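**Student:** Next comes work_35.cif, mmCIF, C-alpha atoms:
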data_run
loop_
_atom_site.label_atom_id
_atom_site.label_comp_id
_atom_site.auth_asym_id
_atom_site.auth_seq_id
_atom_site.Cartn_x
_atom_site.Cartn_y
_atom_site.Cartn_z
CA MET A 1 -69.75 24.75 69.01
CA ASN A 2 -70.13 21.26 70.44
CA ILE A 3 -73.29 19.25 71.00
CA GLN A 4 -73.43 19.98 74.71
CA GLU A 5 -73.47 23.73 74.04
CA LEU A 6 -76.05 23.32 71.26
CA CYS A 7 -78.30 21.30 73.56
CA LYS A 8 -78.23 24.15 76.10
CA GLU A 9 -78.69 26.94 73.54
CA LEU A 10 -81.71 25.28 71.90
CA ASN A 11 -83.13 23.82 75.12
CA LEU A 12 -83.22 20.30 73.63
CA THR A 13 -84.28 17.20 75.51
CA PRO A 14 -81.69 14.39 75.27
CA VAL A 15 -83.23 10.99 74.52
CA ALA A 16 -80.20 8.83 73.72
CA GLY A 17 -76.44 8.68 73.24
CA GLU A 18 -75.49 11.04 76.03
CA SER A 19 -71.92 9.75 75.99
CA GLY A 20 -71.42 11.39 72.58
CA MET A 21 -72.07 15.00 73.62
CA ASP A 22 -68.60 16.44 73.10
CA LYS A 23 -68.48 16.23 69.28
CA GLU A 24 -67.98 19.47 67.36
CA ILE A 25 -70.71 20.61 64.96
CA SER A 26 -69.73 21.40 61.38
CA GLY A 27 -73.09 21.94 59.67
CA CYS A 28 -76.68 20.82 59.35
CA TYR A 29 -78.95 18.76 57.11
CA ILE A 30 -82.75 18.72 57.29
CA GLY A 31 -84.78 15.91 55.73
CA ASP A 32 -86.72 12.72 56.23
CA LEU A 33 -85.63 10.46 53.39
CA MET A 34 -82.78 8.05 54.16
CA SER A 35 -81.22 8.10 50.71
CA LEU A 36 -81.06 11.88 50.62
CA ALA A 37 -79.67 12.04 54.15
CA MET A 38 -77.13 9.39 53.15
CA ALA A 39 -76.10 11.58 50.23
CA HIS A 40 -76.05 14.94 52.02
CA LEU A 41 -74.99 14.36 55.62
CA GLU A 42 -71.34 15.10 56.35
CA GLU A 43 -69.15 14.36 59.32
CA GLY A 44 -70.09 16.54 62.27
CA TYR A 45 -73.50 17.56 60.89
CA VAL A 46 -76.64 18.00 62.94
CA TRP A 47 -79.46 16.02 61.28
CA ILE A 48 -82.93 17.45 61.84
CA THR A 49 -85.69 14.98 60.99
CA ILE A 50 -89.08 13.60 62.00
CA GLN A 51 -88.03 10.00 61.31
CA SER A 52 -87.64 8.10 64.55
CA ASN A 53 -86.75 4.56 63.44
CA LEU A 54 -83.53 2.63 63.72
CA ASN A 55 -82.37 3.63 60.26
CA VAL A 56 -81.86 7.22 61.45
CA VAL A 57 -79.18 5.88 63.78
CA ALA A 58 -77.67 3.62 61.09
CA VAL A 59 -77.38 6.45 58.54
CA SER A 60 -76.06 8.93 61.14
CA ALA A 61 -73.42 6.48 62.32
CA LEU A 62 -72.31 5.62 58.77
CA LYS A 63 -71.99 9.29 57.83
CA GLU A 64 -70.55 10.26 61.24
CA ALA A 65 -73.17 12.90 61.91
CA ALA A 66 -72.62 14.75 65.21
CA CYS A 67 -76.18 14.34 66.47
CA VAL A 68 -79.84 14.02 65.54
CA ILE A 69 -82.60 16.43 66.51
CA LEU A 70 -86.13 15.06 66.26
CA ALA A 71 -88.45 17.98 65.47
CA ASP A 72 -92.14 18.52 66.27
CA GLY A 73 -91.98 16.54 69.52
CA VAL A 74 -91.18 13.23 67.81
CA THR A 75 -89.69 10.62 70.15
CA LEU A 76 -87.16 7.93 69.28
CA ASP A 77 -88.23 4.28 68.82
CA ALA A 78 -87.11 1.99 71.66
CA ASN A 79 -84.76 -0.18 69.55
CA ALA A 80 -83.25 2.96 68.00
CA THR A 81 -82.55 4.33 71.48
CA VAL A 82 -80.55 1.22 72.36
CA LYS A 83 -78.60 1.46 69.10
CA ALA A 84 -77.90 5.20 69.52
CA ASP A 85 -76.52 4.53 73.02
CA GLU A 86 -74.28 1.80 71.56
CA GLU A 87 -73.03 4.12 68.84
CA ALA A 88 -72.68 7.10 71.23
CA LEU A 89 -74.89 9.08 68.86
CA ALA A 90 -76.60 11.92 70.71
CA VAL A 91 -80.32 12.20 69.86
CA PHE A 92 -82.57 15.00 71.06
CA THR A 93 -86.21 15.87 70.82
CA THR A 94 -87.87 19.27 70.82
CA GLU A 95 -91.33 20.73 70.19
CA ASP A 96 -89.77 23.15 67.68
CA SER A 97 -90.39 22.59 63.97
CA ALA A 98 -87.54 21.97 61.55
CA TYR A 99 -87.97 25.55 60.29
CA THR A 100 -87.71 27.07 63.77
CA LEU A 101 -84.65 24.92 64.49
CA ALA A 102 -83.04 25.99 61.23
CA LYS A 103 -83.52 29.66 62.10
CA LYS A 104 -82.02 29.13 65.55
CA LEU A 105 -79.03 27.21 64.16
CA GLY A 106 -78.50 29.96 61.59
CA ALA A 107 -78.51 32.57 64.34
CA LEU A 108 -75.85 30.53 66.16
CA GLY A 109 -73.64 30.68 63.07
CA ILE A 110 -74.06 27.03 62.02
CA MET B 1 -58.82 -9.96 51.81
CA VAL B 2 -62.40 -11.25 51.48
CA PHE B 3 -65.37 -10.78 53.78
CA HIS B 4 -68.72 -12.54 53.41
CA TYR B 5 -72.03 -11.45 54.94
CA ASP B 6 -75.63 -12.71 54.80
CA VAL B 7 -78.43 -10.15 54.81
CA ASP B 8 -81.63 -11.10 56.66
CA GLY B 9 -84.57 -10.11 54.49
CA ASN B 10 -87.20 -9.67 57.14
CA ASP B 11 -85.35 -7.65 59.65
CA PHE B 12 -85.37 -3.90 59.24
CA THR B 13 -83.87 -3.59 62.68
CA LEU B 14 -80.61 -4.96 61.29
CA ALA B 15 -80.58 -2.50 58.39
CA GLY B 16 -77.20 -0.90 57.97
CA GLU B 17 -75.51 -3.41 60.26
CA ILE B 18 -73.32 -4.94 57.56
CA SER B 19 -72.43 -1.56 56.05
CA SER B 20 -71.38 -0.48 59.51
CA LYS B 21 -69.24 -3.62 60.04
CA VAL B 22 -67.51 -3.17 56.68
CA LYS B 23 -66.88 0.50 57.40
CA LYS B 24 -65.14 -0.40 60.66
CA ARG B 25 -62.98 -3.03 58.92
CA LEU B 26 -61.96 -0.64 56.14
CA LYS B 27 -61.05 1.95 58.77
CA GLN B 28 -58.86 -0.63 60.51
CA LEU B 29 -57.19 -1.35 57.18
CA GLY B 30 -56.38 2.35 56.92
CA LEU B 31 -58.19 3.02 53.65
CA PRO B 32 -58.62 6.69 52.62
CA PRO B 33 -61.71 8.40 54.13
CA GLU B 34 -63.11 9.19 50.66
CA VAL B 35 -63.03 5.48 49.72
CA ILE B 36 -64.69 4.53 53.01
CA ARG B 37 -67.36 7.21 52.46
CA LYS B 38 -68.19 5.87 48.99
CA VAL B 39 -68.25 2.25 50.15
CA SER B 40 -70.51 3.17 53.10
CA ILE B 41 -73.08 4.96 50.94
CA ALA B 42 -73.13 2.32 48.18
CA MET B 43 -73.29 -0.56 50.65
CA TYR B 44 -76.05 0.94 52.77
CA GLU B 45 -78.25 1.56 49.72
CA ALA B 46 -77.66 -1.94 48.34
CA GLU B 47 -78.19 -3.55 51.74
CA ILE B 48 -81.50 -1.70 52.19
CA ASN B 49 -82.58 -2.68 48.66
CA MET B 50 -81.99 -6.32 49.55
CA VAL B 51 -84.17 -6.00 52.65
CA ILE B 52 -86.93 -3.99 50.94
CA HIS B 53 -87.16 -5.79 47.62
CA ALA B 54 -85.41 -9.15 47.69
CA ASN B 55 -85.98 -10.79 51.07
CA GLY B 56 -82.27 -10.66 51.83
CA GLY B 57 -79.21 -11.98 50.09
CA ALA B 58 -75.44 -12.22 50.33
CA ILE B 59 -72.69 -9.62 50.25
CA ASP B 60 -69.04 -10.32 49.44
CA VAL B 61 -66.38 -7.68 49.89
CA GLU B 62 -62.88 -8.09 48.52
CA VAL B 63 -60.16 -5.57 49.28
CA THR B 64 -57.12 -5.47 47.03
CA PRO B 65 -54.35 -2.85 47.07
CA GLN B 66 -56.03 -1.17 44.07
CA ALA B 67 -59.74 -1.33 44.82
CA VAL B 68 -62.67 -2.51 46.92
CA HIS B 69 -64.82 -5.02 45.02
CA ILE B 70 -68.33 -5.65 46.36
CA THR B 71 -70.85 -8.22 45.12
CA PHE B 72 -74.48 -8.15 46.22
CA ALA B 73 -76.41 -11.28 45.21
CA ASP B 74 -80.08 -11.99 45.90
CA GLN B 75 -82.76 -14.43 44.80
CA GLY B 76 -85.44 -11.73 44.78
CA PRO B 77 -87.98 -10.78 42.12
CA GLY B 78 -85.44 -9.22 39.75
CA ILE B 79 -85.73 -5.75 38.18
CA PRO B 80 -88.24 -5.71 35.27
CA ASP B 81 -87.17 -2.34 33.85
CA LEU B 82 -83.58 -1.55 34.75
CA GLU B 83 -83.53 1.73 32.81
CA LYS B 84 -86.45 3.03 34.89
CA ALA B 85 -84.92 1.72 38.12
CA MET B 86 -81.78 3.73 37.42
CA GLN B 87 -83.76 6.99 37.13
CA GLU B 88 -83.60 9.27 40.16
CA GLY B 89 -87.01 9.38 41.84
CA PHE B 90 -88.37 6.10 40.44
CA SER B 91 -89.32 3.66 43.17
CA THR B 92 -91.47 0.57 43.62
CA ALA B 93 -91.23 0.63 47.44
CA SER B 94 -94.45 0.02 49.40
CA ASN B 95 -96.16 2.75 51.43
CA GLU B 96 -95.15 0.95 54.60
CA VAL B 97 -91.49 1.20 53.65
CA ARG B 98 -91.87 4.82 52.49
CA GLU B 99 -93.14 5.79 55.91
CA LEU B 100 -89.77 4.69 57.30
CA GLY B 101 -88.04 7.17 55.00
CA PHE B 102 -87.21 4.89 52.10
CA GLY B 103 -88.48 4.83 48.54
CA ALA B 104 -86.91 8.11 47.46
CA GLY B 105 -85.89 6.43 44.24
CA MET B 106 -82.28 7.32 44.96
CA GLY B 107 -80.93 3.88 45.85
CA LEU B 108 -79.46 2.66 42.57
CA PRO B 109 -78.47 6.20 41.43
CA ASN B 110 -76.63 6.72 44.76
CA ILE B 111 -74.86 3.37 44.33
CA LYS B 112 -73.78 4.27 40.81
CA LYS B 113 -72.63 7.75 41.86
CA ASN B 114 -70.43 6.33 44.61
CA SER B 115 -68.74 3.59 42.63
CA ASP B 116 -66.16 3.65 39.86
CA ASN B 117 -67.76 0.72 38.10
CA MET B 118 -71.17 -0.89 38.51
CA THR B 119 -72.66 -3.86 36.69
CA ILE B 120 -76.16 -5.21 37.28
CA ASP B 121 -77.20 -8.68 36.25
CA THR B 122 -80.91 -9.17 36.84
CA LYS B 123 -83.56 -11.65 35.75
CA VAL B 124 -87.24 -11.39 36.65
CA GLY B 125 -88.21 -14.22 38.99
CA GLU B 126 -84.61 -15.29 39.58
CA GLY B 127 -82.78 -12.45 41.28
CA THR B 128 -80.26 -9.66 40.96
CA THR B 129 -76.50 -9.48 41.26
CA ILE B 130 -74.79 -6.10 41.53
CA LYS B 131 -71.03 -5.83 41.27
CA LEU B 132 -69.21 -2.67 42.32
CA VAL B 133 -65.65 -1.51 42.08
CA ILE B 134 -64.45 1.43 44.16
CA ASN B 135 -60.89 2.39 43.32
CA ILE B 136 -58.46 3.09 46.13
CA ALA B 137 -55.77 5.00 44.26
#
Would you mind giving the structure from this file in structure tokens?

**Tutor:**
Amino acid sequence: MNIQELCKELNLTPVAGESGMDKEISGCYIGDLMSLAMAHLEEGYVWITIQSNLNVVAVSALKEAACVILADGVTLDANATVKADEEALAVFTTEDSAYTLAKKLGALGI
Amino acid sequence: MVFHYDVDGNDFTLAGEISSKVKKRLKQLGLPPEVIRKVSIAMYEAEINMVIHANGGAIDVEVTPQAVHITFADQGPGIPDLEKAMQEGFSTASNEVRELGFGAGMGLPNIKKNSDNMTIDTKVGEGTTIKLVINIA
């Protein structure tokens, strides 16, 4: 499944990096601490978090995550939006909690 | 091949910028993905440490056919108890920094885990120098 399809399935709202929507998804990591995300994210992963600062984009880009989903209605900081666009890193927001998102991703076979 | 970078201590918005630049250069050099992955993780953690704790510093990266050698040098406060600092979960980061998702106490352990050799030279009040070797072959 690619990001575009995931966005539709989960009814996510794109907030940045819409040029990076064709990447394939290989897995998922949920967490809000940069060091742990740095250690556990893999290429092609969806990262679900409530962190909205620039470092989310930096870590995602370094680990080549497929996209970021901001849970609980969190929105992305303005400078992070600019950076995500530059990096073609798709970032979404949704009112769903991380738990609800995890269940939905599981049901989709991710 | 040697690259030199200065890390701005006050600017969180630049966090990860140097790690990202080095990653791109190593990719251009055609280094194995596993080496690039280890360098990226170790560099990001060390770069963030410099911003959080040491008001910036300097990073030198040398690539030889055998290994990537990275030196992080700062004139920060130094590490009073290195043994504690190496423990997973120990952190002296401020609440402000923790709210940004740092201070997990995984920085130095992550750096060690992703390098083949790590030496730390630190003196309270003078600064810290970390040297890493990440083998290519």

**Student:** Within 12 Å of stretch 70-73 of chain A, counting only C-alpha atoms, which residues qualify if same-chain residues fewer than 3 places away don't, as a VMD selection string?

**Tutor:** chain A and resid 10 12 to 16 30 to 32 46 to 53 56 to 57 67 76 to 77 90 to 102

**Student:** Which of these, A:Asn2, A:Ser35, A:Ser60, A:Ser19, has the shortest distance to A:Ala80 once you count all atoms listed in the file?

**Tutor:**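 Checking each of A:Asn2, A:Ser35, A:Ser60, A:Ser19 against A:Ala80, counting all atoms listed in the file, the winner is A:Ser60.
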
**Student:** Got a sec to pull out which chain A residues are within 8 Å of chain B, counting all atoms listed in the file, and send them as number ranges by chain?

**Tutor:** A: 32-36, 38-39, 51, 53-55, 58-59, 61-63, 79

**Student:** Go through B:Pro65, B:Gly127, B:Gly57, B:Pro77 and flag the residue nearest B:Ile18, using only C-alpha atoms for the distances.

**Tutor:** B:Gly57

**Student:** So how many Å separate atom CA of A:Val74 and atom CA of A:Gly17, to one decimal?

**Tutor:** 16.4 Å

**Student:** Can you tell me how far atom CA of B:Ser115 sits from atom CA of B:Asn10, in Å to one decimal?

**Tutor:**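 It comes out at 27.0 Å.
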
**Student:** Quick one: apply the PyMOL selection byres ((chain B and resi 120-126) around 7) to the file and drop the selected residues here as a list in words.

**Tutor:**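 Applied to this file, the PyMOL selection byres ((chain B and resi 120-126) around 7) selects Gln75, Gly76, Pro77, Gly78, Ile79, Pro80, Met118, Thr119, Gly127, Thr128, Thr129, Ile130 and Lys131 of chain B.
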
**Student:** Expressed in Å to a single decimal, how great is the separation between atom CA of B:Ile134 and atom CA of B:Glu34?

**Tutor:**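 Interatomic distance here is 10.2 Å.
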
**Student:** Translate the PyMOL selection byres ((chain A and resi 23) around 7), as applied to the file shown, into an explicit residue set as a ChimeraX atom specification.

**Tutor:** /A:2-3,20-22,24-25,66
